[in-house]
Structure formats: structure tokens, C-alpha cells
file run_32.txt (compact mmCIF, C-alpha atoms)
# COMPACT_ATOMS: atom_id res chain seq x y z
CA MET A 1 -22.05 -19.32 8.98
CA ASN A 2 -21.34 -17.70 12.33
CA ASN A 3 -23.02 -14.27 12.42
CA GLN A 4 -20.36 -13.12 14.88
CA PRO A 5 -17.19 -14.32 13.11
CA TYR A 6 -14.96 -12.03 15.16
CA LEU A 7 -15.54 -14.28 18.18
CA GLU A 8 -13.36 -16.90 16.50
CA HIS A 9 -10.31 -14.80 17.36
CA LEU A 10 -11.48 -12.08 19.77
CA ARG A 11 -12.87 -12.37 23.27
CA SER A 12 -12.54 -8.75 24.37
CA GLU A 13 -11.53 -5.31 23.16
CA GLU A 14 -8.17 -5.76 24.93
CA GLN A 15 -7.11 -8.28 22.29
CA LEU A 16 -7.41 -5.61 19.60
CA VAL A 17 -4.91 -3.27 21.27
CA THR A 18 -1.47 -3.10 19.65
CA SER A 19 1.24 -4.26 22.03
CA TYR A 20 4.59 -2.57 22.56
CA ALA A 21 6.36 -5.57 21.00
CA ALA A 22 4.18 -5.36 17.89
CA ARG A 23 4.73 -1.61 17.62
CA ARG A 24 8.50 -2.07 17.90
CA ALA A 25 8.47 -4.82 15.25
CA GLY A 26 6.37 -2.58 13.01
CA PHE A 27 8.82 0.29 13.20
CA VAL A 28 11.69 -2.11 12.43
CA ALA A 29 9.78 -3.46 9.41
CA LEU A 30 9.26 0.10 8.15
CA ALA A 31 12.96 0.86 8.57
CA LEU A 32 13.93 -2.26 6.64
CA GLU A 33 11.50 -1.39 3.86
CA LYS A 34 12.90 2.13 3.69
CA ASN A 35 16.40 0.71 3.30
CA ARG A 36 15.19 -1.68 0.61
CA LYS A 37 13.61 1.17 -1.31
CA ALA A 38 16.73 3.34 -0.85
CA THR A 39 19.04 0.74 -2.46
CA PRO A 40 18.47 1.88 -6.10
CA TYR A 41 19.23 5.49 -5.16
CA VAL A 42 22.45 4.49 -3.41
CA GLN A 43 23.50 2.52 -6.49
CA GLU A 44 22.71 5.53 -8.69
CA ALA A 45 24.86 7.73 -6.47
CA LYS A 46 27.75 5.27 -6.71
CA ALA A 47 27.45 5.18 -10.51
CA LEU A 48 27.32 8.98 -10.62
CA TYR A 49 30.44 9.21 -8.44
CA VAL A 50 32.44 6.91 -10.73
CA ALA A 51 31.36 8.69 -13.93
CA ALA A 52 31.73 12.22 -12.50
CA SER A 53 35.24 11.43 -11.23
CA LYS A 54 36.48 11.87 -14.80
CA ALA A 55 35.99 15.63 -14.37
CA THR A 56 38.87 17.73 -13.08
CA THR A 57 36.77 20.89 -12.60
CA PRO A 58 33.03 21.40 -11.95
CA THR A 59 32.44 22.77 -15.47
CA ASP A 60 33.94 19.57 -16.93
CA LEU A 61 30.80 17.81 -15.67
CA LEU A 62 28.83 19.45 -18.46
CA ARG A 63 30.98 17.60 -20.98
CA ILE A 64 30.22 14.11 -19.64
CA PRO A 65 27.07 13.13 -21.58
CA ASP A 66 26.02 10.09 -19.53
CA ILE A 67 25.63 11.95 -16.21
CA GLN A 68 23.39 14.81 -17.31
CA ALA A 69 20.28 13.28 -15.76
CA GLY A 70 22.17 12.90 -12.49
CA LEU A 71 23.27 16.54 -12.63
CA LEU A 72 19.67 17.64 -13.11
CA THR A 73 18.65 15.65 -10.05
CA ALA A 74 21.47 17.14 -7.98
CA ALA A 75 20.32 20.57 -9.16
CA GLY A 76 16.99 19.90 -7.42
CA LEU A 77 14.79 19.11 -10.42
CA SER A 78 12.25 16.32 -9.95
CA ASP A 79 11.22 13.97 -12.74
CA LYS A 80 7.88 15.77 -12.86
CA ALA A 81 9.56 19.18 -13.19
CA LEU A 82 11.74 17.97 -16.06
CA ASN A 83 8.65 17.28 -18.17
CA HIS A 84 7.81 20.98 -18.10
CA LEU A 85 11.23 22.49 -18.82
CA GLN A 86 13.01 23.34 -22.05
CA PRO A 87 16.65 22.28 -22.63
CA GLU A 88 17.87 25.81 -21.91
CA ASP A 89 16.03 25.80 -18.57
CA LYS A 90 17.69 22.53 -17.59
CA LEU A 91 21.11 23.87 -18.55
CA GLU A 92 20.50 26.99 -16.47
CA ALA A 93 19.66 24.85 -13.45
CA VAL A 94 22.84 22.77 -13.76
CA GLN A 95 24.97 25.89 -14.29
CA GLY A 96 23.43 27.31 -11.11
CA LEU A 97 24.37 24.12 -9.25
CA ILE A 98 27.95 24.39 -10.49
CA LYS A 99 28.36 28.11 -9.74
CA ASN A 100 26.61 28.23 -6.37
CA PHE A 101 27.55 24.91 -4.81
CA LEU A 102 30.14 22.85 -6.67
CA GLU A 103 32.74 25.52 -7.39
CA PRO A 104 32.74 26.79 -3.76
CA ALA A 105 33.44 23.20 -2.67
CA GLY A 106 36.88 23.36 -4.32
CA ASP A 107 38.51 19.99 -4.93
CA LYS A 108 35.66 18.31 -3.01
CA PHE A 109 33.14 19.20 -5.74
CA ILE A 110 32.48 15.52 -6.60
CA GLU A 111 31.53 14.75 -3.00
CA GLU A 112 29.33 17.87 -2.93
CA LEU A 113 27.61 16.68 -6.11
CA ILE A 114 26.88 13.27 -4.59
CA TYR A 115 25.59 14.77 -1.33
CA ARG A 116 23.16 16.95 -3.25
CA PHE A 117 22.10 14.09 -5.51
CA LEU A 118 21.31 11.91 -2.49
CA LEU A 119 19.51 14.78 -0.75
CA ILE A 120 17.08 15.17 -3.66
CA ARG A 121 16.69 11.41 -4.09
CA GLY A 122 15.98 11.21 -0.38
CA ASP A 123 13.08 13.57 -0.86
CA THR A 124 11.76 11.28 -3.59
CA LEU A 125 12.16 8.33 -1.26
CA GLY A 126 10.29 10.20 1.47
CA GLY A 127 7.35 10.72 -0.86
CA SER A 128 7.24 7.04 -1.80
CA MET A 129 7.40 6.06 1.88
CA ARG A 130 4.30 8.00 2.92
CA ASN A 131 2.03 5.04 2.28
CA VAL A 132 4.55 2.29 2.93
CA GLY A 133 2.56 1.16 5.96
CA GLY A 134 -0.43 0.56 3.70
CA VAL A 135 1.72 -1.31 1.20
CA LEU A 136 3.17 -3.59 3.88
CA ALA A 137 -0.32 -4.17 5.30
CA GLN A 138 -1.67 -5.18 1.90
CA ARG A 139 1.20 -7.61 1.40
CA LYS A 140 0.66 -9.19 4.82
CA LEU A 141 -3.08 -9.64 4.31
CA THR A 142 -2.60 -10.94 0.76
CA ARG A 143 -0.14 -13.57 1.97
CA ALA A 144 -2.58 -14.60 4.72
CA LEU A 145 -5.41 -14.89 2.19
CA ILE A 146 -3.24 -16.99 -0.13
CA ALA A 147 -2.29 -19.22 2.79
CA SER A 148 -5.97 -19.73 3.66
CA LEU A 149 -6.82 -20.58 0.06
CA ASN A 150 -3.89 -22.99 -0.24
CA ILE A 151 -4.65 -24.92 2.93
CA SER A 152 -8.30 -25.14 1.84
CA GLY A 153 -7.22 -26.66 -1.45
CA LEU A 154 -8.70 -23.78 -3.41
CA SER A 155 -6.93 -22.59 -6.52
CA TYR A 156 -6.77 -18.87 -7.15
CA ARG A 157 -5.90 -16.24 -9.71
CA TRP A 158 -4.21 -12.94 -8.94
CA LEU A 159 -4.36 -9.47 -10.46
CA GLU A 160 -0.98 -7.93 -11.30
CA HIS A 161 -1.18 -4.26 -10.32
CA ARG A 162 0.90 -2.79 -13.16
CA SER A 163 -0.34 -4.76 -16.17
CA LYS A 164 -3.87 -5.14 -14.72
CA ARG A 165 -3.85 -8.73 -16.00
CA TRP A 166 -5.06 -11.79 -14.14
CA TYR A 167 -2.66 -14.71 -13.76
CA ASP A 168 -3.28 -18.28 -12.68
CA LYS A 169 -1.70 -19.58 -9.50
CA THR A 170 1.65 -21.23 -10.14
CA GLN A 171 3.40 -23.97 -8.21
CA ASP A 172 5.77 -21.38 -6.79
CA ASP A 173 3.75 -18.41 -5.54
CA VAL A 174 6.56 -16.80 -3.55
CA ASP A 175 6.37 -12.98 -3.61
CA VAL A 176 2.97 -12.84 -5.35
CA GLU A 177 1.91 -10.41 -2.61
CA PHE A 178 4.47 -7.85 -3.85
CA SER A 179 2.58 -7.43 -7.12
CA ALA A 180 -1.00 -8.49 -6.41
CA ARG A 181 -3.84 -5.99 -6.43
CA GLY A 182 -6.51 -8.64 -6.23
CA LEU A 183 -7.33 -12.33 -5.86
CA ALA A 184 -10.06 -14.54 -7.29
CA TRP A 185 -11.21 -18.04 -6.38
CA SER A 186 -14.22 -20.37 -6.45
CA HIS A 187 -15.82 -22.50 -3.77
CA SER A 188 -19.10 -24.36 -3.21
CA GLN A 189 -21.11 -21.13 -2.96
CA GLY A 190 -19.78 -19.58 -6.16
CA GLN A 191 -17.04 -17.40 -7.59
CA ARG A 192 -15.31 -14.74 -5.53
CA THR A 193 -13.17 -11.75 -6.50
CA LEU A 194 -11.30 -9.49 -4.07
CA ILE A 195 -9.92 -6.14 -5.26
CA TYR A 196 -7.78 -3.65 -3.32
CA ASN A 197 -8.10 0.14 -3.48
CA LEU A 198 -11.25 0.48 -5.51
CA THR A 199 -13.39 3.57 -6.07
CA ILE A 200 -17.00 2.40 -5.85
CA PRO A 201 -19.00 4.24 -8.56
CA PHE A 202 -22.28 4.64 -6.67
CA ILE A 203 -20.53 5.75 -3.44
CA ARG A 204 -17.79 7.72 -5.19
CA ASN A 205 -15.22 6.89 -2.53
CA ASN A 206 -12.16 4.68 -2.43
CA VAL A 207 -12.44 1.49 -0.37
CA ASP A 208 -9.38 -0.50 0.68
CA LEU A 209 -10.86 -3.97 0.06
CA CYS A 210 -13.93 -5.12 -1.87
CA LEU A 211 -15.06 -8.75 -2.06
CA PHE A 212 -17.47 -9.64 -4.89
CA ASN A 213 -19.64 -12.68 -5.53
CA ASP A 214 -18.71 -12.99 -9.20
CA ASN A 215 -15.73 -13.71 -11.46
CA PRO A 216 -13.13 -11.05 -12.35
CA ALA A 217 -14.13 -10.69 -16.00
CA GLN A 218 -17.77 -10.02 -15.15
CA ILE A 219 -16.95 -7.67 -12.28
CA MET A 220 -14.53 -5.61 -14.35
CA MET A 221 -16.81 -5.59 -17.39
CA THR A 222 -19.62 -4.03 -15.37
CA GLU A 223 -17.13 -1.54 -13.90
CA TYR A 224 -18.12 -2.42 -10.32
CA ARG A 225 -21.49 -0.73 -10.78
CA HIS A 226 -23.83 -3.43 -9.41
CA PRO A 227 -24.34 -3.12 -5.63
CA ASP A 228 -25.67 -6.68 -5.30
CA THR A 229 -22.29 -8.13 -6.33
CA TYR A 230 -20.54 -6.75 -3.22
CA LEU A 231 -20.21 -9.30 -0.42
CA ALA A 232 -17.85 -7.49 1.96
CA LEU A 233 -16.02 -4.17 2.12
CA GLY A 234 -13.21 -3.33 4.48
CA GLU A 235 -10.71 -0.73 5.57
CA LEU A 236 -7.05 -1.71 6.00
CA LYS A 237 -4.76 0.68 7.90
CA GLY A 238 -1.08 -0.30 8.11
CA GLY A 239 0.43 2.73 9.84
CA ILE A 240 2.13 1.65 13.07
CA ASP A 241 2.75 5.04 14.72
CA PRO A 242 0.39 5.36 17.72
CA ALA A 243 0.32 9.13 17.22
CA GLY A 244 -1.60 8.64 13.97
CA ALA A 245 -3.75 5.71 15.09
CA ASP A 246 -6.80 7.73 16.06
CA GLU A 247 -6.74 9.64 12.77
CA HIS A 248 -6.51 6.38 10.79
CA TRP A 249 -9.50 4.99 12.66
CA LYS A 250 -11.52 8.19 12.11
CA THR A 251 -10.78 7.97 8.37
CA ALA A 252 -11.73 4.29 8.29
CA ARG A 253 -14.86 4.84 10.39
CA THR A 254 -16.04 7.61 8.08
CA ALA A 255 -15.40 5.43 5.02
CA LEU A 256 -17.30 2.52 6.56
CA ASP A 257 -20.22 4.81 7.47
CA ARG A 258 -20.37 6.00 3.85
CA ILE A 259 -20.38 2.39 2.69
CA ARG A 260 -23.28 1.47 4.95
CA THR A 261 -25.27 4.55 3.91
CA GLY A 262 -24.62 3.94 0.22
CA PHE A 263 -25.78 0.34 0.36
CA LYS A 264 -28.71 1.11 2.66
CA ASP A 265 -30.03 3.40 -0.08
CA VAL A 266 -30.39 0.32 -2.31
CA ASN A 267 -31.65 -1.94 0.52
CA LEU A 268 -28.47 -3.95 0.83
CA LYS A 269 -26.20 -4.68 3.79
CA PRO A 270 -22.87 -6.25 2.80
CA HIS A 271 -20.38 -7.25 5.47
CA THR A 272 -17.99 -4.54 6.66
CA PHE A 273 -14.70 -5.08 8.46
CA PHE A 274 -11.61 -3.31 9.74
CA VAL A 275 -7.98 -4.43 9.97
CA GLY A 276 -5.44 -2.10 11.55
CA ALA A 277 -1.83 -2.15 12.70
CA ALA A 278 -1.99 0.66 15.27
CA ILE A 279 -5.01 0.15 17.51
CA GLU A 280 -4.98 2.10 20.73
CA ARG A 281 -7.18 1.41 23.76
CA LYS A 282 -9.92 3.95 22.99
CA MET A 283 -10.07 2.80 19.37
CA ALA A 284 -10.31 -0.81 20.47
CA GLY A 285 -13.32 0.06 22.63
CA GLU A 286 -15.10 1.75 19.71
CA ILE A 287 -14.33 -1.12 17.33
CA TRP A 288 -15.50 -3.71 19.87
CA ALA A 289 -18.74 -1.78 20.42
CA GLN A 290 -19.42 -1.72 16.67
CA LEU A 291 -18.76 -5.46 16.47
CA GLN A 292 -21.17 -6.20 19.29
CA VAL A 293 -24.06 -4.23 17.78
CA GLY A 294 -23.40 -5.56 14.27
CA LEU A 295 -22.20 -2.34 12.64
CA LEU A 296 -18.93 -4.15 11.90
CA SER A 297 -18.98 -7.80 10.86
CA ASN A 298 -15.35 -8.47 11.70
CA ALA A 299 -12.11 -6.82 12.83
CA ALA A 300 -8.51 -7.76 13.49
CA ASN A 301 -5.18 -6.38 14.64
CA LEU A 302 -2.77 -6.74 11.73
CA ASN A 303 0.11 -7.59 14.07
CA GLU A 304 -1.62 -10.65 15.56
CA TYR A 305 -1.25 -13.48 13.11
CA ASP A 306 -4.02 -15.60 14.62
CA GLN A 307 -6.41 -12.70 14.09
CA VAL A 308 -5.24 -12.05 10.53
CA ALA A 309 -5.46 -15.77 9.69
CA SER A 310 -8.97 -15.94 11.15
CA ILE A 311 -10.31 -12.93 9.25
CA SER A 312 -8.64 -14.27 6.09
CA ARG A 313 -10.41 -17.64 6.50
CA TRP A 314 -13.67 -15.77 7.02
CA LEU A 315 -13.22 -13.78 3.79
CA CYS A 316 -12.30 -16.90 1.85
CA ARG A 317 -15.42 -18.72 3.13
CA LEU A 318 -17.94 -15.94 2.40
call {"tool": "encode", "arguments": {"input": "run_32.txt", "output": "C-alpha cells"}}
result
Amino acid sequence: MNNQPYLEHLRSEEQLVTSYAARRAGFVALALEKNRKATPYVQEAKALYVAASKATTPTDLLRIPDIQAGLLTAAGLSDKALNHLQPEDKLEAVQGLIKNFLEPAGDKFIEELIYRFLLIRGDTLGGSMRNVGGVLAQRKLTRALIASLNISGLSYRWLEHRSKRWYDKTQDDVDVEFSARGLAWSHSQGQRTLIYNLTIPFIRNNVDLCLFNDNPAQIMMTEYRHPDTYLALGELKGGIDPAGADEHWKTARTALDRIRTGFKDVNLKPHTFFVGAAIERKMAGEIWAQLQVGLLSNAANLNEYDQVASISRWLCRL
């Protein structure tokens, strides 16, 4: 196998740099994902509006049993906070909402309720969006890996992130990337398992991608404790904002350094790689330098499909 696999899709550091067009497309993709994630909250607000419209005064809201959870949200209480409050505390919060905000709104109290509900839900949405770039990046790479396996005629299994169960590939694998936390396949050199977001026991740090040279059952049974089962480890950074690019690379570089040090201590040198969405010129130079001296085995810009497809083929062939 080529000991400089990055040369299959890169000829210079310039090709790693994120273009304006890619950055623009990335911001649009984030906006669309934010709207997709906001849809349930908008539907909740609509349902709350219809149910609350039965009230003729703000205090009447307390007598509508099927909107009490919505009132608590509008009062500013998060789901986490609700687990630590007694019924009387919850009632006090809702009464404070009514007295301080709904009653002063007069006959517009229903609209005021909905505004406040959406404001709090928006904060929840903001929290869930903090790592949306990483989520989108994982989906994109997973789909590229599946495509590489499919065109190679290799069957695969995938790990469902909620149930933590492995499922066989089906004829229709549309949207598998929305739920997959890992993939497993076999080829002429043996069985392979790839897991996302794994804390490596002997390094005690989270790694974005780990590729093993064994089957899922064996890997999970040993709790990822055997260094010699690791074939490749990589960092995947999906944030598209150029303002945060350097910080993402510093985080990834530190993680990759820890990986190398941890495996060097046991006389092993697995492949390391980096895939990023926001790669600025200085970053590109550092990444290219690490590729040339062999610190990094491979790298790709997540926005360039030929690069993503190439690094996916490389991972599937290891």
C-alpha cells in the first residue's frame, strides 16, 4: 500500500485550504440543519397556542392540565431544572410568569406566553447546535465510507448510536449516517471496525475516529484496551467558521500528539489522520508539513468530495 496515501488526492498545501464557496455552502448547511432541529419546537409552540387559547385570563392557564409542561418551559425552567424541583416550586415559577409577564401583557397574554416559550426553547436549540458542525461532518464521512464499501462490493454492519446495537446492511441504506456511530466490514486482510467518539482507556482521551483490526464483538468485549488492535486514529473537525479554525486545529493537533505518545510508549505506530471543514492557509501549511515528514498518514478537506472519497477508500482498504 502507498506509504503516502495523501498524494492520491493532494499535490500541495493549497488544496487543503477551504474555499469561499465551500465556506458559504457550509454556513448554509448549518442554517438548514438549525431550521430542521427547530421544527419540533415550532410545532410545540403552535400546539401550546391552540390549547392556551381556551383561557380568557392568564390565571385560567393554571386550570388547563395539558399545557402545564409548556407553562413551566415558558417560565424559564429547563428539563434538567425540573428534575430538582418540588411541585410547589414549579407552581411558584408559573405564578411568577403569570404575575410578572402575562398579566401586564393584557389581552395579548397568549402571544406573550408563546414568545417566552419559544425564547426558552431557542436556548435549548442553541445548546444542541454547539456541536452541529461535528454531527454534520460525521454524517458526511460516514456516507462516504458507506459509498466506498458499496462500490467495492463489501458488505458492512453499522452501530446504532442510541441502542448501541449492531445491524446488518440492508438493501435500502438511506439515512444510515443519521444514526450510525460505527461501521464494520471484512476484506482480504481481515475484519475491520470503525468507531466514532471513543475514549481510549490507555490514553484517557476522546478520539473522533478509531479503526480496529478486529470484529465489533471482540473489540467491545475487550473494552478497547488492546493497543495492537488499533489500525488508524483520526480527528474530524466539522466547524466551518474560519474564526474558530485555528483553535480546532490546535485541539486536533494536541489530540494527535497524545495518540502518538501513548502508542509510542507501547512501541506501536498506528496511522493518524485529520479531516477538517475549516482549513485556513497557515493550518494547511502545518498539516502539509506533518504529512511530508510522516507525522500524519493522511488528511483531507471535508468540503472537497474527491478528498473525502479518497481518504474513505484508504480507510476501507487498511
call {"tool": "residues_around", "arguments": {"input": "run_32.txt", "residues": "Gly294 (chain A)", "least_positions_apart": "5", "cutoff": "12 Å", "atoms": "all atoms listed in the file", "output": "number ranges by chain"}}
result
A: 3-6, 260, 269-273, 287-289, 299
call {"tool": "atom_distance", "arguments": {"input": "run_32.txt", "atom1": "CA of Leu61 (chain A)", "atom2": "CA of Asp89 (chain A)"}}
result
17.0 Å
call {"tool": "atom_distance", "arguments": {"input": "run_32.txt", "atom1": "CA of Thr124 (chain A)", "atom2": "CA of Leu77 (chain A)"}}
result
10.8 Å
call {"tool": "closest_residue", "arguments": {"input": "run_32.txt", "among": "A:Glu304, A:Glu33, A:Glu8, A:Asp265", "to": "Gly133 (chain A)", "atoms": "all atoms listed in the file"}}
result
A:Glu33
call {"tool": "residues_around", "arguments": {"input": "run_32.txt", "residues": "region 308-315 of chain A", "least_positions_apart": "5", "cutoff": "6 Å", "atoms": "only C-alpha atoms", "output": "PyMOL selection string"}}
result
chain A and resi 144-145+148+302
call {"tool": "closest_atom_pairs", "arguments": {"input": "run_32.txt", "of": "region 71-104 of chain A", "to": "region 116-120 of chain A", "cutoff": "10 Å", "atoms": "only C-alpha atoms", "output": "CSV"}}
result
residue,atom,partner,partner_atom,distance
A:Leu71,CA,A:Phe117,CA,7.6
A:Leu72,CA,A:Phe117,CA,8.7
A:Thr73,CA,A:Phe117,CA,5.9
A:Ala74,CA,A:Phe117,CA,4.0
A:Ala75,CA,A:Arg116,CA,7.5
A:Gly76,CA,A:Ile120,CA,6.0
A:Leu77,CA,A:Ile120,CA,8.2
A:Ser78,CA,A:Ile120,CA,8.0
A:Leu97,CA,A:Arg116,CA,9.4
A:Phe101,CA,A:Arg116,CA,9.2
A:Leu102,CA,A:Arg116,CA,9.8
call {"tool": "atom_distance", "arguments": {"input": "run_32.txt", "atom1": "CA of Phe178 (chain A)", "atom2": "CA of Arg225 (chain A)"}}
result
27.8 Å
call {"tool": "closest_residue", "arguments": {"input": "run_32.txt", "among": "A:Ala45, A:Ala255, A:Met220, A:Val275", "to": "Tyr115 (chain A)", "atoms": "all atoms listed in the file"}}
result
A:Ala45
call {"tool": "closest_residue", "arguments": {"input": "run_32.txt", "among": "A:Leu318, A:Leu211, A:Asn197, A:Asp306", "to": "His9 (chain A)", "atoms": "only C-alpha atoms"}}
result
A:Asp306
call {"tool": "axis_aligned_box", "arguments": {"input": "run_32.txt", "around": "region 158-173 of chain A", "padding_each_side": "4 Å", "output": "lines of an AutoDock Vina configuration file"}}
result
center_x = 0.4
center_y = -13.4
center_z = -10.9
size_x = 18.8
size_y = 29.2
size_z = 18.6
